[in-house]
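Chemist: Enclosed is the structure file coords.pdb (PDB, C-alpha atoms).
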MODEL        1
ATOM      1  CA  MET A   1      97.712 117.806 117.227
ATOM      2  CA  THR A   2      98.696 121.349 118.100
ATOM      3  CA  ALA A   3      97.016 121.074 121.468
ATOM      4  CA  ALA A   4      98.963 117.924 122.225
ATOM      5  CA  LEU A   5     102.219 119.639 121.375
ATOM      6  CA  LEU A   6     101.246 122.586 123.536
ATOM      7  CA  THR A   7     100.556 120.338 126.481
ATOM      8  CA  LEU A   8     103.895 118.717 125.859
ATOM      9  CA  ALA A   9     105.470 122.155 125.828
ATOM     10  CA  ALA A  10     103.912 122.973 129.168
ATOM     11  CA  THR A  11     105.668 120.046 130.816
ATOM     12  CA  SER A  12     109.128 120.837 129.498
ATOM     13  CA  GLY A  13     112.054 122.141 131.477
ATOM     14  CA  HIS A  14     114.118 125.118 130.455
ATOM     15  CA  PRO A  15     115.714 124.345 127.123
ATOM     16  CA  THR A  16     117.887 126.891 125.397
ATOM     17  CA  VAL A  17     116.317 129.165 122.861
ATOM     18  CA  PRO A  18     118.247 127.930 119.784
ATOM     19  CA  ASP A  19     117.316 124.348 120.576
ATOM     20  CA  VAL A  20     113.658 125.234 120.773
ATOM     21  CA  GLY A  21     113.846 127.163 117.521
ATOM     22  CA  VAL A  22     115.575 124.341 115.668
ATOM     23  CA  PHE A  23     113.141 121.829 117.100
ATOM     24  CA  ALA A  24     110.110 123.887 116.122
ATOM     25  CA  VAL A  25     111.320 124.449 112.566
ATOM     26  CA  ALA A  26     112.311 120.806 112.097
ATOM     27  CA  ALA A  27     109.034 119.588 113.577
ATOM     28  CA  ALA A  28     107.074 121.820 111.223
ATOM     29  CA  ILE A  29     109.104 120.492 108.286
ATOM     30  CA  ILE A  30     108.515 116.902 109.374
ATOM     31  CA  ILE A  31     104.771 117.289 109.838
ATOM     32  CA  ALA A  32     104.321 119.266 106.627
ATOM     33  CA  GLY A  33     106.308 116.713 104.663
ATOM     34  CA  ALA A  34     104.417 113.782 106.154
ATOM     35  CA  VAL A  35     101.046 115.342 105.403
ATOM     36  CA  GLY A  36     102.291 116.123 101.918
ATOM     37  CA  VAL A  37     103.232 112.476 101.347
ATOM     38  CA  VAL A  38      99.738 111.374 102.283
ATOM     39  CA  VAL A  39      97.693 113.975 100.419
ATOM     40  CA  ALA A  40      99.767 114.524  97.282
ATOM     41  CA  ARG A  41      98.030 113.189  94.220
ATOM     42  CA  ASN A  42     101.150 112.798  92.138
ATOM     43  CA  PRO A  43     103.508 110.044  93.398
ATOM     44  CA  VAL A  44     106.531 112.135  92.399
ATOM     45  CA  HIS A  45     105.366 114.920  94.695
ATOM     46  CA  SER A  46     104.911 112.359  97.455
ATOM     47  CA  ALA A  47     108.500 111.202  97.040
ATOM     48  CA  LEU A  48     109.814 114.765  97.209
ATOM     49  CA  MET A  49     107.747 115.438 100.316
ATOM     50  CA  LEU A  50     109.226 112.271 101.790
ATOM     51  CA  VAL A  51     112.692 113.758 101.262
ATOM     52  CA  MET A  52     111.583 116.804 103.230
ATOM     53  CA  THR A  53     110.433 114.680 106.151
ATOM     54  CA  LEU A  54     113.622 112.625 106.097
ATOM     55  CA  PHE A  55     115.746 115.755 106.279
ATOM     56  CA  GLY A  56     113.680 116.973 109.220
ATOM     57  CA  VAL A  57     114.222 113.674 111.026
ATOM     58  CA  ALA A  58     117.957 113.978 110.324
ATOM     59  CA  VAL A  59     117.902 117.412 111.960
ATOM     60  CA  MET A  60     116.214 115.830 114.968
ATOM     61  CA  PHE A  61     118.997 113.252 115.112
ATOM     62  CA  VAL A  62     121.630 115.984 115.104
ATOM     63  CA  LEU A  63     119.716 117.777 117.830
ATOM     64  CA  GLN A  64     119.982 114.630 119.956
ATOM     65  CA  GLN A  65     123.717 114.183 119.311
ATOM     66  CA  ALA A  66     123.226 111.204 116.982
ATOM     67  CA  ASN A  67     125.452 112.654 114.287
ATOM     68  CA  PHE A  68     126.390 109.399 112.604
ATOM     69  CA  LEU A  69     122.766 108.356 112.291
ATOM     70  CA  ALA A  70     121.879 111.750 110.844
ATOM     71  CA  ALA A  71     124.492 111.299 108.141
ATOM     72  CA  VAL A  72     123.341 107.756 107.456
ATOM     73  CA  GLN A  73     119.748 108.951 107.357
ATOM     74  CA  VAL A  74     120.506 111.482 104.646
ATOM     75  CA  ILE A  75     122.779 109.193 102.656
ATOM     76  CA  VAL A  76     120.717 106.011 102.811
ATOM     77  CA  TYR A  77     117.190 107.391 102.855
ATOM     78  CA  ALA A  78     117.369 110.549 100.790
ATOM     79  CA  GLY A  79     120.247 109.336  98.672
ATOM     80  CA  ALA A  80     119.250 105.763  97.981
ATOM     81  CA  ILE A  81     115.731 104.846  99.003
ATOM     82  CA  VAL A  82     113.929 107.891  97.656
ATOM     83  CA  VAL A  83     115.948 107.739  94.463
ATOM     84  CA  LEU A  84     114.845 104.123  94.150
ATOM     85  CA  PHE A  85     111.246 105.226  94.645
ATOM     86  CA  LEU A  86     111.559 107.909  91.983
ATOM     87  CA  PHE A  87     113.257 105.469  89.645
ATOM     88  CA  VAL A  88     110.421 102.967  89.970
ATOM     89  CA  ILE A  89     107.753 105.666  89.651
ATOM     90  CA  MET A  90     109.242 106.949  86.419
ATOM     91  CA  PHE A  91     110.144 103.481  85.174
ATOM     92  CA  LEU A  92     106.570 102.306  85.540
ATOM     93  CA  GLY A  93     105.064 105.564  84.345
ATOM     94  CA  VAL A  94     102.543 105.715  87.167
ATOM     95  CA  ASP A  95     103.168 109.411  87.778
ATOM     96  CA  ARG A  96      99.720 110.376  86.582
ATOM     97  CA  GLU A  97      97.477 111.823  89.223
ATOM     98  CA  GLU A  98      95.171 109.670  91.273
ATOM     99  CA  ASP A  99      91.614 110.661  92.067
ATOM    100  CA  ILE A 100      91.621 110.687  95.861
ATOM    101  CA  ARG A 101      87.931 111.525  96.175
ATOM    102  CA  LYS A 102      86.901 108.177  94.743
ATOM    103  CA  GLU A 103      86.391 105.752  97.587
ATOM    104  CA  PRO A 104      85.970 102.133  96.588
ATOM    105  CA  LEU A 105      85.425 100.795 100.099
ATOM    106  CA  ARG A 106      82.536 102.684 101.617
ATOM    107  CA  GLY A 107      83.275 104.043 105.067
ATOM    108  CA  GLN A 108      86.815 102.720 105.147
ATOM    109  CA  ARG A 109      88.485 106.110 105.043
ATOM    110  CA  PRO A 110      86.627 107.798 107.950
ATOM    111  CA  LEU A 111      86.952 104.631 109.971
ATOM    112  CA  ALA A 112      90.693 104.485 109.381
ATOM    113  CA  ILE A 113      91.202 108.129 110.288
ATOM    114  CA  ALA A 114      89.023 107.795 113.397
ATOM    115  CA  LEU A 115      90.899 104.719 114.588
ATOM    116  CA  VAL A 116      94.284 106.345 114.051
ATOM    117  CA  VAL A 117      93.242 109.569 115.795
ATOM    118  CA  LEU A 118      91.880 107.541 118.697
ATOM    119  CA  GLY A 119      95.071 105.528 119.025
ATOM    120  CA  THR A 120      97.274 108.601 118.781
ATOM    121  CA  THR A 121      95.280 110.447 121.404
ATOM    122  CA  GLY A 122      95.478 107.464 123.713
ATOM    123  CA  LEU A 123      99.217 107.233 123.251
ATOM    124  CA  LEU A 124      99.744 110.941 123.912
ATOM    125  CA  LEU A 125      97.552 110.758 126.997
ATOM    126  CA  LEU A 126      99.502 107.721 128.168
ATOM    127  CA  GLY A 127     102.665 109.749 127.837
ATOM    128  CA  GLN A 128     101.128 112.510 129.898
ATOM    129  CA  VAL A 129      99.629 110.546 132.765
ATOM    130  CA  SER A 130     102.421 108.008 133.173
ATOM    131  CA  LYS A 131     106.054 107.457 132.391
ATOM    132  CA  TRP A 132     107.074 106.798 128.801
ATOM    133  CA  THR A 133     109.764 104.429 129.984
ATOM    134  CA  THR A 134     110.233 101.883 132.690
ATOM    135  CA  GLY A 135     112.846  99.298 133.519
ATOM    136  CA  GLN A 136     116.595  99.181 133.565
ATOM    137  CA  PRO A 137     118.994 100.396 130.905
ATOM    138  CA  SER A 138     120.724  97.616 129.034
ATOM    139  CA  VAL A 139     124.401  96.807 129.338
ATOM    140  CA  SER A 140     125.368  97.722 125.788
ATOM    141  CA  GLY A 141     127.010 100.970 126.755
ATOM    142  CA  SER A 142     126.244 104.421 128.002
ATOM    143  CA  ASP A 143     125.147 107.213 125.731
ATOM    144  CA  THR A 144     126.521 110.215 127.540
ATOM    145  CA  GLY A 145     124.860 112.674 125.213
ATOM    146  CA  ALA A 146     128.099 113.727 123.568
ATOM    147  CA  PRO A 147     128.720 112.887 119.897
ATOM    148  CA  ASN A 148     129.406 109.211 120.097
ATOM    149  CA  VAL A 149     130.445 107.580 116.857
ATOM    150  CA  ASN A 150     133.143 105.659 118.711
ATOM    151  CA  LEU A 151     130.693 104.208 121.168
ATOM    152  CA  LEU A 152     128.251 103.299 118.423
ATOM    153  CA  GLY A 153     130.903 101.543 116.366
ATOM    154  CA  LYS A 154     132.291  99.689 119.360
ATOM    155  CA  SER A 155     128.838  98.515 120.384
ATOM    156  CA  LEU A 156     128.036  97.485 116.827
ATOM    157  CA  TYR A 157     131.136  95.329 116.508
ATOM    158  CA  THR A 158     131.079  93.754 119.963
ATOM    159  CA  THR A 159     127.663  93.470 121.572
ATOM    160  CA  TYR A 160     125.681  93.502 118.345
ATOM    161  CA  LEU A 161     128.158  91.640 116.162
ATOM    162  CA  PHE A 162     125.857  88.769 115.251
ATOM    163  CA  PRO A 163     122.904  91.000 114.243
ATOM    164  CA  PHE A 164     125.360  93.069 112.246
ATOM    165  CA  GLU A 165     126.518  90.022 110.315
ATOM    166  CA  ALA A 166     122.926  88.896 109.868
ATOM    167  CA  THR A 167     122.278  92.330 108.388
ATOM    168  CA  SER A 168     124.836  91.704 105.676
ATOM    169  CA  ALA A 169     123.146  88.409 104.859
ATOM    170  CA  LEU A 170     119.800  90.210 104.723
ATOM    171  CA  LEU A 171     121.126  92.756 102.275
ATOM    172  CA  ILE A 172     122.571  90.071 100.007
ATOM    173  CA  ILE A 173     119.276  88.188 100.060
ATOM    174  CA  ALA A 174     117.390  91.389  99.262
ATOM    175  CA  VAL A 175     119.647  92.168  96.306
ATOM    176  CA  VAL A 176     119.318  88.655  94.890
ATOM    177  CA  GLY A 177     115.579  88.662  95.476
ATOM    178  CA  ALA A 178     115.128  91.999  93.750
ATOM    179  CA  VAL A 179     117.098  90.807  90.740
ATOM    180  CA  VAL A 180     115.054  87.623  90.526
ATOM    181  CA  LEU A 181     111.778  89.513  90.885
ATOM    182  CA  ALA A 182     112.550  92.277  88.424
ATOM    183  CA  ARG A 183     114.186  90.127  85.791
ATOM    184  CA  ARG A 184     112.269  89.746  82.603
ATOM    185  CA  PRO A 185     111.385  86.118  81.909
ATOM    186  CA  PRO A 186     113.481  84.534  79.163
ATOM    187  CA  ALA A 187     112.197  84.919  75.620
ATOM    188  CA  ALA A 188     111.613  81.193  75.184
ATOM    189  CA  ALA A 189     109.383  81.080  78.244
ATOM    190  CA  SER A 190     107.383  84.199  77.381
ATOM    191  CA  SER A 191     106.576  83.058  73.830
ATOM    192  CA  GLU A 192     104.614  80.076  75.066
ATOM    193  CA  THR A 193     102.587  81.851  77.732
ATOM    194  CA  VAL A 194      99.350  81.585  75.822
ATOM    195  CA  ASP A 195      97.436  80.894  79.010
ATOM    196  CA  GLU A 196      98.327  84.354  80.325
ATOM    197  CA  MET A 197      96.477  86.130  77.557
ATOM    198  CA  PRO A 198      93.033  86.109  79.241
ATOM    199  CA  VAL A 199      94.623  87.673  82.310
ATOM    200  CA  ASP A 200      96.034  90.453  80.164
ATOM    201  CA  GLU A 201      92.679  91.135  78.591
ATOM    202  CA  VAL A 202      91.106  91.473  82.016
ATOM    203  CA  VAL A 203      93.859  93.885  82.938
ATOM    204  CA  ILE A 204      93.290  96.052  79.932
ATOM    205  CA  ASP A 205      89.644  96.398  80.836
ATOM    206  CA  HIS A 206      90.698  97.975  84.127
ATOM    207  CA  ALA A 207      93.513 100.101  82.711
ATOM    208  CA  PRO A 208      92.571 103.787  82.957
ATOM    209  CA  GLY A 209      94.414 104.713  79.772
ATOM    210  CA  ALA A 210      92.651 102.219  77.543
ATOM    211  CA  ALA A 211      89.315 103.664  76.507
ATOM    212  CA  ALA A 212      87.810 100.809  74.581
ATOM    213  CA  GLY A 213      89.876  97.978  75.986
ATOM    214  CA  THR A 214      89.038  95.665  73.144
ATOM    215  CA  VAL A 215      92.120  93.838  72.122
ATOM    216  CA  THR A 216      91.202  91.390  69.450
ATOM    217  CA  GLY A 217      92.835  88.049  69.111
ATOM    218  CA  GLY A 218      94.377  89.080  65.826
ATOM    219  CA  ALA A 219      96.237  91.968  67.450
ATOM    220  CA  ASP A 220      97.684  89.636  70.006
ATOM    221  CA  ALA A 221      98.729  87.223  67.309
ATOM    222  CA  THR A 222     100.597  89.926  65.430
ATOM    223  CA  THR A 223     102.410  91.182  68.480
ATOM    224  CA  GLY A 224     103.272  87.621  69.416
ATOM    225  CA  ALA A 225     105.676  87.560  72.323
ATOM    226  CA  ALA A 226     105.458  91.235  73.146
ATOM    227  CA  ALA A 227     105.611  92.351  76.741
ATOM    228  CA  PRO A 228     102.261  92.390  78.548
ATOM    229  CA  THR A 229     102.484  96.171  78.970
ATOM    230  CA  GLY A 230     102.582  96.455  75.198
ATOM    231  CA  GLY A 231      98.983  95.272  75.116
ATOM    232  CA  ALA A 232      97.705  98.529  76.593
ATOM    233  CA  GLU A 233      99.442 100.523  73.894
ATOM    234  CA  ASP A 234      97.887  98.306  71.263
ATOM    235  CA  ALA A 235      94.490  98.942  72.744
ATOM    236  CA  GLU A 236      94.994 102.683  72.581
ATOM    237  CA  VAL A 237      96.105 102.441  68.976
ATOM    238  CA  ASP A 238      93.052 100.404  68.112
ATOM    239  CA  ALA A 239      90.751 102.815  69.909
TER     240      ALA A 239
ATOM    241  CA  MET B 240     119.597 121.820 129.055
ATOM    242  CA  SER B 241     118.255 120.356 125.877
ATOM    243  CA  ILE B 242     114.673 119.780 124.869
ATOM    244  CA  ASN B 243     112.399 117.567 126.911
ATOM    245  CA  PRO B 244     112.122 114.052 125.436
ATOM    246  CA  ASP B 245     108.341 114.297 125.571
ATOM    247  CA  TRP B 246     108.414 116.677 122.633
ATOM    248  CA  TYR B 247     110.313 114.219 120.509
ATOM    249  CA  LEU B 248     108.050 111.347 121.513
ATOM    250  CA  GLY B 249     104.942 113.397 120.781
ATOM    251  CA  LEU B 250     106.311 114.311 117.375
ATOM    252  CA  SER B 251     107.168 110.672 116.770
ATOM    253  CA  THR B 252     103.621 109.649 117.665
ATOM    254  CA  VAL B 253     102.122 112.202 115.308
ATOM    255  CA  LEU B 254     104.454 111.167 112.499
ATOM    256  CA  PHE B 255     103.548 107.521 113.015
ATOM    257  CA  ALA B 256      99.848 108.395 112.957
ATOM    258  CA  ILE B 257     100.184 110.270 109.681
ATOM    259  CA  GLY B 258     102.010 107.326 108.171
ATOM    260  CA  ALA B 259      99.350 104.908 109.393
ATOM    261  CA  VAL B 260      96.589 107.043 107.900
ATOM    262  CA  GLY B 261      98.464 107.081 104.617
ATOM    263  CA  VAL B 262      98.806 103.310 104.501
ATOM    264  CA  LEU B 263      95.128 102.846 105.283
ATOM    265  CA  VAL B 264      93.752 105.546 103.002
ATOM    266  CA  ARG B 265      95.887 105.628  99.877
ATOM    267  CA  ARG B 266      95.560 103.040  97.150
ATOM    268  CA  ASN B 267      98.732 103.576  95.165
ATOM    269  CA  VAL B 268     101.153 100.870  96.258
ATOM    270  CA  LEU B 269     104.165 103.162  95.931
ATOM    271  CA  ILE B 270     102.649 105.804  98.195
ATOM    272  CA  MET B 271     101.717 103.107 100.688
ATOM    273  CA  PHE B 272     105.390 102.136 100.750
ATOM    274  CA  MET B 273     106.363 105.751 101.378
ATOM    275  CA  CYS B 274     103.949 105.896 104.302
ATOM    276  CA  VAL B 275     105.553 102.768 105.720
ATOM    277  CA  GLU B 276     108.828 104.665 105.521
ATOM    278  CA  LEU B 277     107.215 107.479 107.488
ATOM    279  CA  MET B 278     106.254 105.054 110.233
ATOM    280  CA  LEU B 279     109.757 103.574 110.301
ATOM    281  CA  ASN B 280     111.160 107.076 110.670
ATOM    282  CA  ALA B 281     108.823 107.768 113.559
ATOM    283  CA  ALA B 282     110.109 104.627 115.254
ATOM    284  CA  ASN B 283     113.685 105.718 114.581
ATOM    285  CA  LEU B 284     113.040 109.090 116.158
ATOM    286  CA  ALA B 285     111.611 107.420 119.238
ATOM    287  CA  PHE B 286     114.603 105.059 119.429
ATOM    288  CA  VAL B 287     117.093 107.919 119.306
ATOM    289  CA  THR B 288     115.124 109.814 121.922
ATOM    290  CA  PHE B 289     115.111 106.838 124.256
ATOM    291  CA  ALA B 290     118.806 106.270 123.642
ATOM    292  CA  ARG B 291     119.496 109.790 124.845
ATOM    293  CA  THR B 292     117.025 109.638 127.713
ATOM    294  CA  LEU B 293     118.158 106.311 129.114
ATOM    295  CA  HIS B 294     121.855 106.872 128.362
ATOM    296  CA  ASP B 295     121.900 103.675 126.356
ATOM    297  CA  ILE B 296     123.628 103.427 123.000
ATOM    298  CA  GLY B 297     121.525 100.360 122.129
ATOM    299  CA  GLY B 298     118.765 102.605 120.825
ATOM    300  CA  GLN B 299     121.037 104.131 118.242
ATOM    301  CA  VAL B 300     122.321 100.698 117.221
ATOM    302  CA  LEU B 301     118.746  99.606 116.715
ATOM    303  CA  VAL B 302     118.124 102.615 114.460
ATOM    304  CA  PHE B 303     121.019 101.382 112.356
ATOM    305  CA  PHE B 304     119.335  98.001 111.971
ATOM    306  CA  VAL B 305     115.996  99.589 111.188
ATOM    307  CA  LEU B 306     117.661 101.534 108.393
ATOM    308  CA  VAL B 307     119.056  98.334 106.910
ATOM    309  CA  VAL B 308     115.759  96.513 107.157
ATOM    310  CA  ALA B 309     113.976  99.478 105.581
ATOM    311  CA  ALA B 310     116.391  99.452 102.669
ATOM    312  CA  ALA B 311     115.909  95.714 102.126
ATOM    313  CA  GLU B 312     112.135  96.079 102.441
ATOM    314  CA  VAL B 313     112.010  98.837  99.863
ATOM    315  CA  VAL B 314     114.195  96.934  97.416
ATOM    316  CA  VAL B 315     112.122  93.758  97.596
ATOM    317  CA  GLY B 316     108.824  95.631  97.714
ATOM    318  CA  LEU B 317     109.602  97.698  94.660
ATOM    319  CA  GLY B 318     110.764  94.553  92.877
ATOM    320  CA  ILE B 319     107.379  93.025  93.598
ATOM    321  CA  VAL B 320     105.652  96.189  92.382
ATOM    322  CA  VAL B 321     107.594  96.081  89.127
ATOM    323  CA  ALA B 322     106.756  92.408  88.671
ATOM    324  CA  ILE B 323     103.066  93.032  89.339
ATOM    325  CA  PHE B 324     103.011  96.059  87.068
ATOM    326  CA  ARG B 325     104.421  93.996  84.233
ATOM    327  CA  ARG B 326     101.451  91.659  84.579
ATOM    328  CA  ARG B 327      98.642  94.024  85.510
ATOM    329  CA  ALA B 328      99.719  97.469  84.202
ATOM    330  CA  SER B 329      98.501  99.095  87.408
ATOM    331  CA  ALA B 330      99.998 100.208  90.710
ATOM    332  CA  ASP B 331      96.626 100.319  92.428
ATOM    333  CA  ALA B 332      96.232  98.030  95.406
ATOM    334  CA  ASP B 333      92.522  97.544  94.702
ATOM    335  CA  ASP B 334      93.278  95.981  91.348
ATOM    336  CA  LEU B 335      95.070  93.070  92.957
ATOM    337  CA  HIS B 336      92.065  90.823  93.350
ATOM    338  CA  LEU B 337      93.319  87.846  91.406
ATOM    339  CA  MET B 338      92.850  85.496  94.380
ATOM    340  CA  LYS B 339      89.372  86.768  95.165
ATOM    341  CA  GLY B 340      86.786  84.011  94.942
TER     342      GLY B 340
ENDMDL
END
Could I get this file's structure written as C-alpha cells?

Modeler:
Amino acid sequence: MTAALLTLAATSGHPTVPDVGVFAVAAAIIIAGAVGVVVARNPVHSALMLVMTLFGVAVMFVLQQANFLAAVQVIVYAGAIVVLFLFVIMFLGVDREEDIRKEPLRGQRPLAIALVVLGTTGLLLLGQVSKWTTGQPSVSGSDTGAPNVNLLGKSLYTTYLFPFEATSALLIIAVVGAVVLARRPPAAASSETVDEMPVDEVVIDHAPGAAAGTVTGGADATTGAAAPTGGAEDAEVDA
Amino acid sequence: MSINPDWYLGLSTVLFAIGAVGVLVRRNVLIMFMCVELMLNAANLAFVTFARTLHDIGGQVLVFFVLVVAAAEVVVGLGIVVAIFRRRASADADDLHLMKG
C-alpha cells in the first residue's frame, strides 16, 4: 500500500507544499479510519472510526474544490447516517464485542483478503501503465476547478432534472419502507403467532447471552404475547 | 498546481479495497453496512477526482446521487436489520440460515 502511494508520488507534478501536507494528513486519517472500521471489535468503535474516514473524505472534497459536496458529506453522512447506525446499534444492544478470531467458514478470510489485494494491485498497476480515463467529456457543463456551487445547482436542475426528481421518489419510498419494516406487528396479530414459537426456541439456542437456552412451554405460556426478544431474557432468568 | 489525480485515485482504490475486505471478512451485519459505506465513499472520491480532471461537473452531480442512494440504502437496510433482530435476536450474518435446506 505504501509502495503504491510512493510510486504514485513519483509520477506527480509539482504541487504546492500545503496541498501535499493536507493531502497526506487527510489520506492518513482516511486509511486509519477505514482500517479501524474493519478491525474494531465493538460496533460503536466502528461507527466512530467511520466518522473519521468520512471527515477525511470531506477534506479531500474541499481540496478538489467540491465545497458543496464536502458540506453535504459532513451533514448527511456524519450527521445523519452514522447517527442512524449508532441509534440502531444501541437500540438493538449489539454493542458487545465480537470474537474476530473465530472463523466459521474455513479458508474464507485468507481467500477474501488475497482476492482483494490481487484486484487492488491490478487496478493500481493499470493506473500506472495506462491512462485512468479515456473518451470525451460529457456536455453537462465544465468544472473549471473553481468553487462551483452555481454550476452544480444549474446542472442538477436542468440536465439532471429527471434523476433529481426520481431521487425524491426514492427517498419517499425508503422512508415508507423503513416504517413498514420497523413497525411492530399489531397486538392482535402477534397474540396468535403460535407457529413462530419453535423458531424462537431455535434462536435462543444460538443466542450468546443465553447459557442454558431451555425455555419451557410453561414460560412461554405465562409471557403470552411478549415480544420475541423477551424470550432471551426469560431464558437468562431461568438459567 | 494542485495534487496529481493519481494520488486521489490510488487512495480511492485502497479505500475501496479496505471496504471490500470488511464486507467479506466481518460477520456483524451492521459493520458490513459500514464497510459498504466505505466503498461508496471511495467511489465518491473517484467521481470528484474525475470531475476535476475532465473538467466535467457531471461527476459531482453523480456524487450527489450516490449520497442519496446511500442514505436510502442505509435506512432500508437498518430497517431490515431491526426486523430480523426482533425475530432472531442476533445481528450475525451467519445466523441467517433459515432458508438453508

Chemist: To verify the selection step, state as a PyMOL selection string which residues the PyMOL selection byres ((chain B and resi 318) around 6) yields on this input.

Modeler: (chain A and resi 178+181-182) or (chain B and resi 315-317+319-321)

Chemist: By how many Å are atom CA of A:Gly56 and atom CA of A:Ala26 apart?

Modeler: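 Answer for the atom CA of A:Gly56 to atom CA of A:Ala26 separation: 5.0 Å.
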
Chemist: Here's the selection I'm unsure about, the PyMOL selection byres ((chain A and resi 28) around 12); applied to the file above, which residues does it give, as JSON, numbers by chain?

Modeler: {"A": [1, 2, 5, 21, 22, 23, 24, 25, 26, 27, 29, 30, 31, 32, 33, 34, 35, 36, 52, 53, 55, 56, 57, 59, 60], "B": [250, 253, 254]}

Chemist: Would you work out the distance separating atom CA of A:Leu124 from atom CA of B:Asp245, expressed in Å to one decimal?

Modeler: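 Atom-to-atom, atom CA of A:Leu124 and atom CA of B:Asp245 are spaced 9.4 Å apart.
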
Chemist: Quick one: everything within 8 Å of B:Asn267, counting all atoms listed in the file, minus sequence neighbours fewer than 2 positions away in the same chain. Send it as a ChimeraX atom specification.

Modeler: /B:265,269-271,330-332

Chemist: Run the PyMOL selection byres ((chain A and resi 62-70) around 9) on the file and write out the hits as a ChimeraX atom specification.

Modeler: /A:19,22-23,55,57-61,71-75,145-149,152 /B:241-242,287-288,291,299,302-303

Chemist: Those selected residues, please, written with C-alpha atoms and delivered as a PDB file, in the coordinates of the input.

Modeler:
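Contents of part32.pdb, as written:
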ATOM      1  CA  ASP A  19     117.316 124.348 120.576  1.00  0.00           C
ATOM      2  CA  VAL A  22     115.575 124.341 115.668  1.00  0.00           C
ATOM      3  CA  PHE A  23     113.141 121.829 117.100  1.00  0.00           C
ATOM      4  CA  PHE A  55     115.746 115.755 106.279  1.00  0.00           C
ATOM      5  CA  VAL A  57     114.222 113.674 111.026  1.00  0.00           C
ATOM      6  CA  ALA A  58     117.957 113.978 110.324  1.00  0.00           C
ATOM      7  CA  VAL A  59     117.902 117.412 111.960  1.00  0.00           C
ATOM      8  CA  MET A  60     116.214 115.830 114.968  1.00  0.00           C
ATOM      9  CA  PHE A  61     118.997 113.252 115.112  1.00  0.00           C
ATOM     10  CA  ALA A  71     124.492 111.299 108.141  1.00  0.00           C
ATOM     11  CA  VAL A  72     123.341 107.756 107.456  1.00  0.00           C
ATOM     12  CA  GLN A  73     119.748 108.951 107.357  1.00  0.00           C
ATOM     13  CA  VAL A  74     120.506 111.482 104.646  1.00  0.00           C
ATOM     14  CA  ILE A  75     122.779 109.193 102.656  1.00  0.00           C
ATOM     15  CA  GLY A 145     124.860 112.674 125.213  1.00  0.00           C
ATOM     16  CA  ALA A 146     128.099 113.727 123.568  1.00  0.00           C
ATOM     17  CA  PRO A 147     128.720 112.887 119.897  1.00  0.00           C
ATOM     18  CA  ASN A 148     129.406 109.211 120.097  1.00  0.00           C
ATOM     19  CA  VAL A 149     130.445 107.580 116.857  1.00  0.00           C
ATOM     20  CA  LEU A 152     128.251 103.299 118.423  1.00  0.00           C
TER      21      LEU A 152
ATOM     22  CA  SER B 241     118.255 120.356 125.877  1.00  0.00           C
ATOM     23  CA  ILE B 242     114.673 119.780 124.869  1.00  0.00           C
ATOM     24  CA  VAL B 287     117.093 107.919 119.306  1.00  0.00           C
ATOM     25  CA  THR B 288     115.124 109.814 121.922  1.00  0.00           C
ATOM     26  CA  ARG B 291     119.496 109.790 124.845  1.00  0.00           C
ATOM     27  CA  GLN B 299     121.037 104.131 118.242  1.00  0.00           C
ATOM     28  CA  VAL B 302     118.124 102.615 114.460  1.00  0.00           C
ATOM     29  CA  PHE B 303     121.019 101.382 112.356  1.00  0.00           C
TER      30      PHE B 303
END

Chemist: Which is closest to B:Ile257 among A:Asn150, A:Thr120, A:Gln128, A:Thr158, if we use only C-alpha atoms?

Modeler: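 Answer, going by the shortest atom-to-atom distance: A:Thr120.
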
Chemist: What does the distance from atom CA of A:Leu170 to atom CA of B:Phe286 come to in Å, to one decimal?

Modeler: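 These atoms are spaced 21.5 Å apart.
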